[in-house]
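Chemist: Got a file for you: work_23.tsv, TSV, C-alpha atoms and all ligand atoms.
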```
chain	number	residue	atom	x	y	z
A	1	MET	CA	222.56	-9.80	-53.46
A	2	GLN	CA	219.46	-10.47	-51.42
A	3	ILE	CA	220.32	-13.17	-48.91
A	4	HIS	CA	217.07	-15.12	-49.33
A	5	SER	CA	218.42	-16.30	-52.72
A	6	LEU	CA	221.18	-18.27	-50.91
A	7	PHE	CA	218.80	-20.77	-49.33
A	8	GLY	CA	217.59	-24.00	-50.84
A	9	SER	CA	220.88	-25.23	-52.35
A	10	GLY	CA	220.99	-28.14	-49.89
A	11	LYS	CA	224.03	-26.61	-48.15
A	12	ALA	CA	223.74	-24.68	-44.90
A	13	VAL	CA	224.25	-20.93	-45.32
A	14	VAL	CA	227.17	-19.83	-43.10
A	15	SER	CA	227.23	-16.40	-41.49
A	16	PHE	CA	228.83	-14.40	-38.69
A	17	GLU	CA	227.63	-11.61	-36.41
A	18	ILE	CA	229.94	-8.77	-35.46
A	19	PHE	CA	229.29	-5.64	-33.40
A	20	PRO	CA	230.82	-2.15	-33.48
A	21	PRO	CA	233.55	-1.55	-30.89
A	22	LYS	CA	232.56	0.78	-28.02
A	23	PRO	CA	232.79	4.48	-28.97
A	24	ASN	CA	236.13	5.01	-27.21
A	25	TYR	CA	237.78	2.10	-29.10
A	26	SER	CA	239.23	2.44	-32.56
A	27	LEU	CA	237.40	0.83	-35.48
A	28	ASP	CA	240.71	-0.81	-36.41
A	29	THR	CA	239.93	-3.63	-33.98
A	30	ILE	CA	236.88	-4.64	-36.01
A	31	PHE	CA	238.81	-4.49	-39.25
A	32	ALA	CA	241.38	-6.90	-37.79
A	33	THR	CA	238.46	-9.22	-36.96
A	34	LEU	CA	237.09	-8.85	-40.47
A	35	ASP	CA	240.49	-9.69	-42.01
A	36	GLY	CA	240.28	-13.04	-40.21
A	37	LEU	CA	236.59	-13.67	-40.95
A	38	LYS	CA	237.00	-12.91	-44.65
A	39	GLU	CA	239.35	-15.88	-45.03
A	40	LEU	CA	236.49	-18.14	-43.88
A	41	LYS	CA	234.39	-17.04	-46.86
A	42	PRO	CA	231.09	-16.54	-45.02
A	43	ASP	CA	227.92	-16.27	-47.07
A	44	PHE	CA	227.14	-13.08	-45.17
A	45	ILE	CA	228.14	-11.05	-42.13
A	46	SER	CA	225.63	-9.24	-39.95
A	47	VAL	CA	226.43	-5.99	-38.14
A	48	THR	CA	224.53	-5.13	-34.95
A	49	TYR	CA	222.82	-1.81	-34.28
A	50	GLY	CA	222.48	-0.09	-30.91
A	51	ALA	CA	218.88	0.26	-29.75
A	52	GLY	CA	217.56	3.76	-30.27
A	53	GLY	CA	220.27	4.45	-32.83
A	54	SER	CA	223.07	4.52	-30.24
A	55	SER	CA	225.61	3.08	-32.71
A	56	THR	CA	224.13	4.23	-36.03
A	57	GLU	CA	227.24	5.85	-37.50
A	58	ARG	CA	229.61	3.04	-36.56
A	59	SER	CA	227.14	0.33	-37.60
A	60	ILE	CA	226.66	1.90	-41.03
A	61	GLU	CA	230.38	2.52	-41.51
A	62	ILE	CA	231.19	-1.10	-40.67
A	63	ALA	CA	228.34	-2.50	-42.78
A	64	ASP	CA	229.55	-0.36	-45.69
A	65	LYS	CA	233.11	-1.69	-45.34
A	66	VAL	CA	231.92	-5.32	-45.11
A	67	LYS	CA	229.93	-4.92	-48.30
A	68	ASN	CA	232.07	-2.60	-50.40
A	69	GLU	CA	235.67	-3.21	-49.24
A	70	TYR	CA	235.59	-6.79	-48.00
A	71	HIS	CA	233.03	-7.70	-50.70
A	72	ILE	CA	231.05	-9.90	-48.32
A	73	GLU	CA	227.24	-9.85	-48.39
A	74	THR	CA	225.98	-7.76	-45.49
A	75	LEU	CA	222.98	-8.01	-43.23
A	76	ALA	CA	222.52	-4.70	-41.41
A	77	HIS	CA	220.63	-4.95	-38.11
A	78	LEU	CA	218.14	-2.13	-37.54
A	79	THR	CA	216.13	-1.44	-34.38
A	80	CYS	CA	213.00	0.69	-34.40
A	81	VAL	CA	212.39	1.40	-30.70
A	82	GLY	CA	212.38	5.15	-30.11
A	83	SER	CA	212.58	5.99	-33.83
A	84	THR	CA	210.17	7.88	-36.03
A	85	ARG	CA	209.21	6.74	-39.51
A	86	GLY	CA	211.39	9.55	-40.87
A	87	ASP	CA	214.42	8.32	-38.86
A	88	ILE	CA	213.98	4.80	-40.20
A	89	GLU	CA	213.50	5.99	-43.77
A	90	LYS	CA	216.76	7.99	-43.52
A	91	VAL	CA	218.72	4.96	-42.31
A	92	LEU	CA	217.18	2.73	-45.01
A	93	ASN	CA	218.17	5.27	-47.66
A	94	ARG	CA	221.71	5.29	-46.31
A	95	PHE	CA	221.83	1.47	-46.42
A	96	SER	CA	220.56	1.61	-49.97
A	97	ASN	CA	223.17	4.21	-50.96
A	98	HIS	CA	225.85	1.79	-49.69
A	99	ASN	CA	224.35	-1.07	-51.74
A	100	ILE	CA	223.25	-2.87	-48.58
A	101	GLU	CA	220.30	-5.03	-49.61
A	102	ASN	CA	219.55	-6.97	-46.42
A	103	VAL	CA	218.13	-5.75	-43.12
A	104	LEU	CA	217.51	-7.62	-39.86
A	105	ALA	CA	214.39	-5.83	-38.60
A	106	LEU	CA	214.28	-5.68	-34.80
A	107	ARG	CA	212.27	-3.92	-32.19
A	108	GLY	CA	215.26	-3.50	-29.84
A	109	ASP	CA	215.16	-3.09	-26.09
A	110	PRO	CA	214.37	0.12	-24.23
A	111	PRO	CA	217.31	2.32	-23.27
A	112	GLN	CA	218.71	1.46	-19.84
A	113	GLY	CA	216.52	2.81	-17.08
A	114	GLN	CA	213.34	2.73	-19.16
A	115	ALA	CA	210.98	-0.12	-18.47
A	116	GLY	CA	208.60	-0.37	-21.40
A	117	PHE	CA	207.61	0.58	-24.89
A	118	ALA	CA	204.00	1.66	-24.80
A	119	ALA	CA	204.79	5.33	-24.47
A	120	SER	CA	207.94	5.39	-26.59
A	121	ASN	CA	206.60	5.33	-30.12
A	122	PRO	CA	203.26	4.01	-31.18
A	123	GLY	CA	204.46	3.79	-34.82
A	124	TYR	CA	206.89	1.00	-34.03
A	125	LYS	CA	205.60	-0.99	-31.13
A	126	TYR	CA	206.89	-4.34	-32.41
A	127	ALA	CA	209.41	-5.55	-34.95
A	128	GLY	CA	206.54	-6.53	-37.25
A	129	ASP	CA	205.77	-2.80	-37.71
A	130	LEU	CA	209.32	-2.28	-38.96
A	131	VAL	CA	209.14	-5.35	-41.21
A	132	ALA	CA	205.96	-3.97	-42.80
A	133	HIS	CA	207.58	-0.56	-43.30
A	134	ILE	CA	210.69	-1.96	-44.97
A	135	LYS	CA	208.59	-4.21	-47.20
A	136	GLU	CA	206.76	-1.17	-48.58
A	137	ARG	CA	210.02	-0.67	-50.45
A	138	THR	CA	211.32	-3.26	-52.88
A	139	ASP	CA	215.04	-2.83	-52.26
A	140	PHE	CA	215.55	-5.01	-49.17
A	141	CYS	CA	215.46	-8.63	-48.16
A	142	VAL	CA	214.14	-8.63	-44.58
A	143	ALA	CA	215.19	-10.96	-41.78
A	144	ALA	CA	213.81	-11.03	-38.23
A	145	ALA	CA	214.62	-12.60	-34.87
A	146	ALA	CA	213.10	-15.83	-33.51
A	147	TYR	CA	213.31	-17.17	-29.97
A	148	PRO	CA	213.24	-20.99	-29.63
A	149	GLU	CA	212.82	-20.67	-25.84
A	150	GLY	CA	210.37	-17.78	-26.07
A	151	HIS	CA	211.01	-14.12	-25.32
A	152	LEU	CA	211.41	-12.79	-21.79
A	153	GLU	CA	208.44	-10.45	-22.18
A	154	CYS	CA	206.18	-13.24	-23.42
A	155	PRO	CA	206.78	-16.43	-21.47
A	156	ASP	CA	203.74	-18.19	-22.97
A	157	LEU	CA	205.25	-19.97	-25.97
A	158	ASN	CA	201.90	-20.39	-27.73
A	159	VAL	CA	201.19	-16.67	-27.58
A	160	HIS	CA	204.74	-15.90	-28.64
A	161	PHE	CA	204.30	-18.23	-31.66
A	162	SER	CA	201.25	-16.30	-32.77
A	163	HIS	CA	203.29	-13.07	-32.58
A	164	LEU	CA	206.07	-14.69	-34.57
A	165	LYS	CA	203.66	-15.93	-37.22
A	166	ALA	CA	202.13	-12.44	-37.52
A	167	LYS	CA	205.61	-10.92	-37.86
A	168	VAL	CA	206.62	-13.38	-40.58
A	169	ASP	CA	203.36	-12.70	-42.42
A	170	GLN	CA	204.25	-9.01	-42.48
A	171	GLY	CA	207.03	-9.86	-44.94
A	172	VAL	CA	209.94	-11.69	-43.28
A	173	ASP	CA	212.17	-13.52	-45.79
A	174	PHE	CA	214.15	-15.52	-43.21
A	175	LEU	CA	214.58	-15.80	-39.45
A	176	ILE	CA	217.69	-15.91	-37.27
A	177	THR	CA	217.35	-17.50	-33.84
A	178	GLN	CA	218.43	-16.28	-30.49
A	179	LEU	CA	221.23	-18.40	-29.01
A	180	PHE	CA	220.32	-21.67	-27.29
A	181	PHE	CA	222.41	-24.52	-25.91
A	182	ASP	CA	220.05	-27.47	-26.24
A	183	ASN	CA	219.31	-28.46	-29.84
A	184	ASN	CA	216.18	-30.36	-28.82
A	185	ILE	CA	214.62	-27.03	-27.90
A	186	PHE	CA	215.33	-25.81	-31.41
A	187	PHE	CA	213.99	-28.94	-33.12
A	188	THR	CA	210.74	-28.67	-31.14
A	189	PHE	CA	210.52	-24.98	-32.01
A	190	LEU	CA	211.09	-25.65	-35.71
A	191	ASP	CA	208.48	-28.43	-35.88
A	192	LYS	CA	205.97	-26.16	-34.23
A	193	ALA	CA	206.85	-23.22	-36.46
A	194	ARG	CA	206.35	-25.33	-39.60
A	195	ALA	CA	203.09	-26.73	-38.23
A	196	GLN	CA	201.87	-23.17	-37.72
A	197	GLY	CA	202.65	-22.16	-41.27
A	198	ILE	CA	206.02	-20.46	-40.77
A	199	TYR	CA	207.82	-21.77	-43.84
A	200	CYS	CA	210.68	-19.29	-44.34
A	201	PRO	CA	214.30	-20.42	-43.78
A	202	VAL	CA	215.38	-20.43	-40.12
A	203	VAL	CA	219.07	-19.72	-39.53
A	204	VAL	CA	220.40	-21.03	-36.23
A	205	GLY	CA	222.28	-18.58	-34.00
A	206	ILE	CA	225.12	-20.28	-32.12
A	207	MET	CA	227.20	-18.63	-29.43
A	208	PRO	CA	230.35	-20.48	-28.42
A	209	VAL	CA	231.00	-20.32	-24.68
A	210	LEU	CA	234.34	-18.57	-24.38
A	211	ASN	CA	234.12	-17.63	-20.72
A	212	ALA	CA	231.70	-18.18	-17.86
A	213	ALA	CA	230.99	-14.48	-17.23
A	214	GLN	CA	229.95	-13.99	-20.86
A	215	ILE	CA	227.44	-16.84	-20.66
A	216	LYS	CA	226.04	-15.68	-17.32
A	217	ARG	CA	225.47	-12.22	-18.81
A	218	MET	CA	223.97	-13.49	-22.05
A	219	THR	CA	221.63	-16.02	-20.45
A	220	SER	CA	220.38	-13.47	-17.95
A	221	LEU	CA	219.74	-11.00	-20.80
A	222	CYS	CA	217.97	-13.40	-23.13
A	223	GLY	CA	216.65	-16.14	-20.82
A	224	ALA	CA	218.35	-19.06	-22.60
A	225	SER	CA	218.56	-22.15	-20.41
A	226	VAL	CA	221.85	-23.86	-19.57
A	227	PRO	CA	221.63	-27.66	-19.91
A	228	ASP	CA	223.41	-29.93	-17.42
A	229	GLY	CA	226.24	-30.80	-19.81
A	230	LEU	CA	227.13	-27.15	-20.29
A	231	GLN	CA	226.67	-26.39	-16.59
A	232	ARG	CA	229.26	-29.10	-15.81
A	233	ILE	CA	231.71	-27.45	-18.21
A	234	LEU	CA	231.14	-24.05	-16.61
A	235	GLU	CA	231.83	-25.51	-13.15
A	236	LYS	CA	234.72	-27.76	-14.13
A	237	TYR	CA	236.71	-25.05	-15.87
A	238	ALA	CA	235.68	-22.10	-13.70
A	239	ASN	CA	239.33	-21.42	-12.85
A	240	SER	CA	240.94	-22.18	-16.18
A	241	ALA	CA	240.14	-19.74	-18.96
A	242	ALA	CA	242.01	-21.69	-21.64
A	243	ASP	CA	240.29	-25.00	-20.81
A	244	MET	CA	236.91	-23.26	-20.63
A	245	GLU	CA	237.40	-21.81	-24.09
A	246	LYS	CA	238.49	-25.16	-25.53
A	247	ALA	CA	235.53	-26.98	-23.98
A	248	GLY	CA	233.15	-24.19	-25.07
A	249	ILE	CA	234.36	-24.44	-28.66
A	250	GLU	CA	233.94	-28.24	-28.60
A	251	TYR	CA	230.41	-27.81	-27.23
A	252	ALA	CA	229.53	-25.37	-30.04
A	253	CYS	CA	230.99	-27.76	-32.63
A	254	ARG	CA	228.87	-30.65	-31.29
A	255	GLN	CA	225.78	-28.41	-31.47
A	256	ILE	CA	226.59	-27.38	-35.05
A	257	ASN	CA	227.36	-30.92	-36.25
A	258	ASN	CA	224.05	-32.15	-34.88
A	259	LEU	CA	222.20	-29.22	-36.50
A	260	LEU	CA	223.87	-29.93	-39.85
A	261	GLU	CA	222.95	-33.63	-39.61
A	262	ASN	CA	219.39	-32.40	-39.19
A	263	HIS	CA	219.59	-30.14	-42.27
A	264	ALA	CA	219.65	-26.71	-40.63
A	265	ASP	CA	219.03	-23.95	-43.20
A	266	GLY	CA	221.96	-21.94	-41.90
A	267	ILE	CA	224.47	-21.51	-39.08
A	268	HIS	CA	225.00	-17.98	-37.77
A	269	LEU	CA	227.92	-17.68	-35.39
A	270	TYR	CA	227.79	-14.98	-32.74
A	271	THR	CA	231.53	-14.34	-33.05
A	272	MET	CA	231.87	-11.79	-30.23
A	273	ASN	CA	234.34	-10.21	-32.72
A	274	LYS	CA	236.74	-13.14	-32.26
A	275	ALA	CA	237.94	-14.39	-35.63
A	276	GLU	CA	240.36	-17.06	-34.37
A	277	GLN	CA	237.66	-18.95	-32.45
A	278	ALA	CA	235.36	-18.69	-35.49
A	279	ARG	CA	238.14	-20.17	-37.62
A	280	ILE	CA	238.61	-23.14	-35.27
A	281	ILE	CA	234.84	-23.81	-35.24
A	282	MET	CA	234.54	-23.57	-39.02
A	283	HIS	CA	237.44	-26.00	-39.49
A	284	GLN	CA	236.39	-28.47	-36.80
A	285	THR	CA	232.84	-28.70	-38.17
A	286	GLY	CA	234.05	-28.93	-41.77
A	287	LEU	CA	231.93	-25.89	-42.66
A	288	ARG	CA	235.04	-24.18	-44.04
A	301	LIG	P1	209.46	-8.44	-31.45
A	301	LIG	O1	209.40	-9.44	-32.53
A	301	LIG	O2	208.66	-7.20	-31.61
A	301	LIG	O3	209.06	-9.16	-30.08
A	301	LIG	C1	209.22	-8.50	-28.85
A	301	LIG	C2	208.18	-8.99	-27.86
A	301	LIG	O4	206.90	-8.50	-28.22
A	301	LIG	C3	208.06	-10.51	-27.79
A	301	LIG	O5	207.84	-10.86	-26.45
A	301	LIG	C4	206.84	-10.81	-28.65
A	301	LIG	O6	206.18	-12.01	-28.26
A	301	LIG	C5	205.99	-9.58	-28.40
A	301	LIG	N1	205.16	-9.23	-29.56
A	301	LIG	C6	205.54	-9.20	-30.86
A	301	LIG	N2	204.52	-8.82	-31.64
A	301	LIG	C7	203.47	-8.59	-30.80
A	301	LIG	C8	202.12	-8.16	-31.01
A	301	LIG	N3	201.66	-7.90	-32.24
A	301	LIG	N4	201.31	-8.02	-29.92
A	301	LIG	C9	201.76	-8.28	-28.67
A	301	LIG	N5	203.04	-8.69	-28.42
A	301	LIG	C10	203.87	-8.84	-29.48
A	301	LIG	N6	219.05	-5.76	-30.18
A	301	LIG	C11	219.66	-4.59	-30.50
A	301	LIG	O7	219.46	-3.57	-29.83
A	301	LIG	N7	220.53	-4.50	-31.58
A	301	LIG	C12	220.79	-5.57	-32.37
A	301	LIG	O8	221.57	-5.46	-33.34
A	301	LIG	C13	220.16	-6.83	-32.05
A	301	LIG	N8	220.38	-7.92	-32.82
A	301	LIG	C14	219.71	-9.10	-32.53
A	301	LIG	C15	219.90	-10.21	-33.38
A	301	LIG	C16	219.23	-11.40	-33.11
A	301	LIG	C17	219.44	-12.58	-34.06
A	301	LIG	C18	218.37	-11.51	-31.99
A	301	LIG	C19	217.68	-12.81	-31.69
A	301	LIG	C20	218.18	-10.42	-31.15
A	301	LIG	C21	218.83	-9.19	-31.41
A	301	LIG	N9	218.64	-8.06	-30.61
A	301	LIG	C22	219.27	-6.87	-30.93
A	301	LIG	C23	217.81	-8.14	-29.41
A	301	LIG	C24	216.33	-7.71	-29.66
A	301	LIG	O9	216.28	-6.33	-29.97
A	301	LIG	C25	215.54	-8.00	-28.38
A	301	LIG	O10	215.47	-9.38	-28.17
A	301	LIG	C26	214.19	-7.35	-28.28
A	301	LIG	O11	213.72	-7.53	-26.93
A	301	LIG	C27	213.10	-7.97	-29.17
A	301	LIG	O12	213.29	-7.66	-30.47
A	301	LIG	P2	212.39	-8.40	-31.61
A	301	LIG	O13	212.77	-7.77	-32.88
A	301	LIG	O14	212.53	-9.86	-31.49
A	301	LIG	O15	210.94	-7.93	-31.15
```
Would you write the structure of this file as structure tokens?

Modeler:
Amino acid sequence: MQIHSLFGSGKAVVSFEIFPPKPNYSLDTIFATLDGLKELKPDFISVTYGAGGSSTERSIEIADKVKNEYHIETLAHLTCVGSTRGDIEKVLNRFSNHNIENVLALRGDPPQGQAGFAASNPGYKYAGDLVAHIKERTDFCVAAAAYPEGHLECPDLNVHFSHLKAKVDQGVDFLITQLFFDNNIFFTFLDKARAQGIYCPVVVGIMPVLNAAQIKRMTSLCGASVPDGLQRILEKYANSAADMEKAGIEYACRQINNLLENHADGIHLYTMNKAEQARIIMHQTGLR
């Protein structure tokens, strides 16, 4: 099923992101996670993809299992940085052979140690180039990333909006946002997106704070701001992992409840491969 058909029922679409375990870890760990997530009956699960194809085999194997063994709709992430058109076509054909009908089209980041993209591959400079390529075929629903606080390489939000609009116009069926911790930032982003003619569904990416180190790493990678209320939690529970996790889950639930009250198209939980925390959040918000 193409995921775009799930929107518009009046109910928020519920989805989870998982990532392949590191190469030296068994895939069994992700299947244990999936056993727990399946019980929550998500509308779809997305599977991340290492930039430059660094996790291709594992990503495809997991996406295949999600779709064909767990029977959950699958959104396969795909990055284009460093790939040729032939590489991308091969991966798309493999997705198609596994009945995977949904792709999250991403540019990806350069491999560690490389600064930029200009020299890497002129065919796929931006995610929009990948969106356009996939849309030449008819077999995929295409999602793309959106950044309510802007993207680190493009701090001017107005310029970034024009890039987002161009990407959507290349054939994006729905957007998934980068994590953020202040819903007002998202509401402002959404109003502006609609005003600029971006009408596709926008699924909200939520990352529960499960430990302080994780949030420090994520915010430094993606530039998301930490509002005072969350900062106080990070300081208050700096020495108590269990309390931090409990407070982080409550914070995520408050964010989600407020987003649902404001008719969010969908909630996409960055699960960090942790099914139990996802279960608590789904139950506390009444989503499942
Ligand atoms: P783009 O949309 O191409 O944007 C990248 C930058 O280029 C932005 O600053 C934008 O403003 C600018 N830009 C875009 N178009 C133009 C243009 N025409 N002219 C000039 N500038 C332009 N990474 C992974 O490696 N694997 C994953 O599985 C993965 N999953 C993700 C899932 C989500 C929901 C999100 C939000 C991010 C994910 N990422 C993943 C991270 C992503 O690869 C990085 O954020 C990357 O830096 C940008 O990718 P993009 O697809 O948003 O790029």

Chemist: Between atom CA of Gln2 of chain A and atom CA of Glu73 of chain A, what is the distance in Å, rounded to a tenth?

Modeler: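 A separation of 8.4 Å between them.
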
Chemist: With 7 Å as the cut-off and all atoms listed in the file counted, what is the closest atom pair between each nearby residue of chain A and ligand LIG 301 (chain A)? Distances in Å to one decimal, ordered by chain and number, as JSON lines.

Modeler:
```
{"residue": "A:Val47", "atom": "CA", "partner": "A:LIG301", "partner_atom": "O8", "distance": 6.9}
{"residue": "A:Thr48", "atom": "CA", "partner": "A:LIG301", "partner_atom": "O8", "distance": 3.4}
{"residue": "A:Tyr49", "atom": "CA", "partner": "A:LIG301", "partner_atom": "O8", "distance": 4.0}
{"residue": "A:Gly50", "atom": "CA", "partner": "A:LIG301", "partner_atom": "O7", "distance": 4.7}
{"residue": "A:Ala51", "atom": "CA", "partner": "A:LIG301", "partner_atom": "O7", "distance": 3.9}
{"residue": "A:His77", "atom": "CA", "partner": "A:LIG301", "partner_atom": "O8", "distance": 4.9}
{"residue": "A:Leu78", "atom": "CA", "partner": "A:LIG301", "partner_atom": "O8", "distance": 6.4}
{"residue": "A:Thr79", "atom": "CA", "partner": "A:LIG301", "partner_atom": "O7", "distance": 6.0}
{"residue": "A:Ala105", "atom": "CA", "partner": "A:LIG301", "partner_atom": "O13", "distance": 6.3}
{"residue": "A:Leu106", "atom": "CA", "partner": "A:LIG301", "partner_atom": "O13", "distance": 3.2}
{"residue": "A:Arg107", "atom": "CA", "partner": "A:LIG301", "partner_atom": "O13", "distance": 3.9}
{"residue": "A:Gly108", "atom": "CA", "partner": "A:LIG301", "partner_atom": "O9", "distance": 3.0}
{"residue": "A:Asp109", "atom": "CA", "partner": "A:LIG301", "partner_atom": "O11", "distance": 4.7}
{"residue": "A:Lys125", "atom": "CA", "partner": "A:LIG301", "partner_atom": "O2", "distance": 6.9}
{"residue": "A:Tyr126", "atom": "CA", "partner": "A:LIG301", "partner_atom": "O2", "distance": 3.5}
{"residue": "A:Ala127", "atom": "CA", "partner": "A:LIG301", "partner_atom": "O2", "distance": 3.8}
{"residue": "A:Gly128", "atom": "CA", "partner": "A:LIG301", "partner_atom": "O2", "distance": 6.1}
{"residue": "A:Ala144", "atom": "CA", "partner": "A:LIG301", "partner_atom": "O13", "distance": 6.4}
{"residue": "A:Ala145", "atom": "CA", "partner": "A:LIG301", "partner_atom": "C19", "distance": 4.4}
{"residue": "A:Ala146", "atom": "CA", "partner": "A:LIG301", "partner_atom": "C19", "distance": 5.8}
{"residue": "A:Tyr147", "atom": "CA", "partner": "A:LIG301", "partner_atom": "C19", "distance": 6.4}
{"residue": "A:His151", "atom": "CA", "partner": "A:LIG301", "partner_atom": "O5", "distance": 4.7}
{"residue": "A:Leu152", "atom": "CA", "partner": "A:LIG301", "partner_atom": "O5", "distance": 6.2}
{"residue": "A:Glu153", "atom": "CA", "partner": "A:LIG301", "partner_atom": "O5", "distance": 4.3}
{"residue": "A:Cys154", "atom": "CA", "partner": "A:LIG301", "partner_atom": "O5", "distance": 4.2}
{"residue": "A:Val159", "atom": "CA", "partner": "A:LIG301", "partner_atom": "O6", "distance": 6.9}
{"residue": "A:His160", "atom": "CA", "partner": "A:LIG301", "partner_atom": "O6", "distance": 4.2}
{"residue": "A:His163", "atom": "CA", "partner": "A:LIG301", "partner_atom": "N2", "distance": 4.5}
{"residue": "A:Leu164", "atom": "CA", "partner": "A:LIG301", "partner_atom": "O1", "distance": 6.5}
{"residue": "A:Ala166", "atom": "CA", "partner": "A:LIG301", "partner_atom": "N3", "distance": 7.0}
{"residue": "A:Lys167", "atom": "CA", "partner": "A:LIG301", "partner_atom": "N2", "distance": 6.7}
{"residue": "A:Ile176", "atom": "CA", "partner": "A:LIG301", "partner_atom": "C17", "distance": 4.9}
{"residue": "A:Thr177", "atom": "CA", "partner": "A:LIG301", "partner_atom": "C19", "distance": 5.2}
{"residue": "A:Gln178", "atom": "CA", "partner": "A:LIG301", "partner_atom": "C19", "distance": 3.7}
{"residue": "A:Gly205", "atom": "CA", "partner": "A:LIG301", "partner_atom": "C17", "distance": 6.6}
{"residue": "A:Cys222", "atom": "CA", "partner": "A:LIG301", "partner_atom": "O10", "distance": 6.9}
```

Chemist: Take the point (237.4, -3.7, -45.7) in the file's coordinates, draw a sphere of radius 10 Å around it, and report as an MDAnalysis selection string every protein, DNA or RNA residue with an atom inside or on it, counting all atoms listed in the file.

Modeler: chainID A and resid 30:32 34:35 38 62:72

Chemist: Figure out the distance between atom CA of Tyr124 of chain A and atom CA of Pro20 of chain A, please, to one decimal in Å.

Modeler: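 Value for the atom CA of Pro20 of chain A-atom CA of Tyr124 of chain A distance: 24.1 Å.
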
Chemist: Would you mind listing what lies within 7 Å of segment 223-227 of chain A as a list of chain:residue names, with all atoms listed in the file counted and same-chain residues fewer than 5 positions away left out?

Modeler: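 The contact residues come out as A:Glu149, A:Leu152, A:Phe180, A:Phe181, A:Asp182.
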
Chemist: So, counting only C-alpha atoms, which residue among A:Met1, A:Asn97, A:Glu136, A:Thr56 is closest to Leu75 of chain A?

Modeler: A:Met1

Chemist: Name the closest residue to Gly150 of chain A among the candidates A:Val103, A:Leu179, A:Ala275, A:Val209; distances are taken between atoms, counting only C-alpha atoms.

Modeler: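 Once distances to Gly150 of chain A are computed over only C-alpha atoms, the minimum belongs to A:Leu179.
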
Chemist: Pick the closest to Gly123 of chain A from A:Val91, A:Leu157, A:Val81, A:Leu104: which is it, counting only C-alpha atoms?

Modeler: A:Val81

Chemist: Give me, please, the distance in Å between atom CA of Ala242 of chain A and atom CA of Met207 of chain A, quoted to one decimal.

Modeler: 17.0 Å

Chemist: As a list in words, please: the residues near Pro148 of chain A (cut-off 7 Å, all atoms listed in the file, same-chain neighbours under 6 positions excluded).

Modeler: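 These residues fall inside the cut-off: Thr177, Ile185, Phe186 and Phe189 of chain A.
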
Chemist: Residues near Ala193 of chain A, anyone? I mean within 10 Å using all atoms listed in the file, not counting same-chain ones fewer than 3 positions away, as a count of residues only.

Modeler: 15

Chemist: Rank A:Arg279, A:Lys41, A:Pro23, A:Asn257 by their smallest atom-to-atom distance to Ser59 of chain A, using all atoms listed in the file, and report the top residue only.

Modeler: A:Pro23
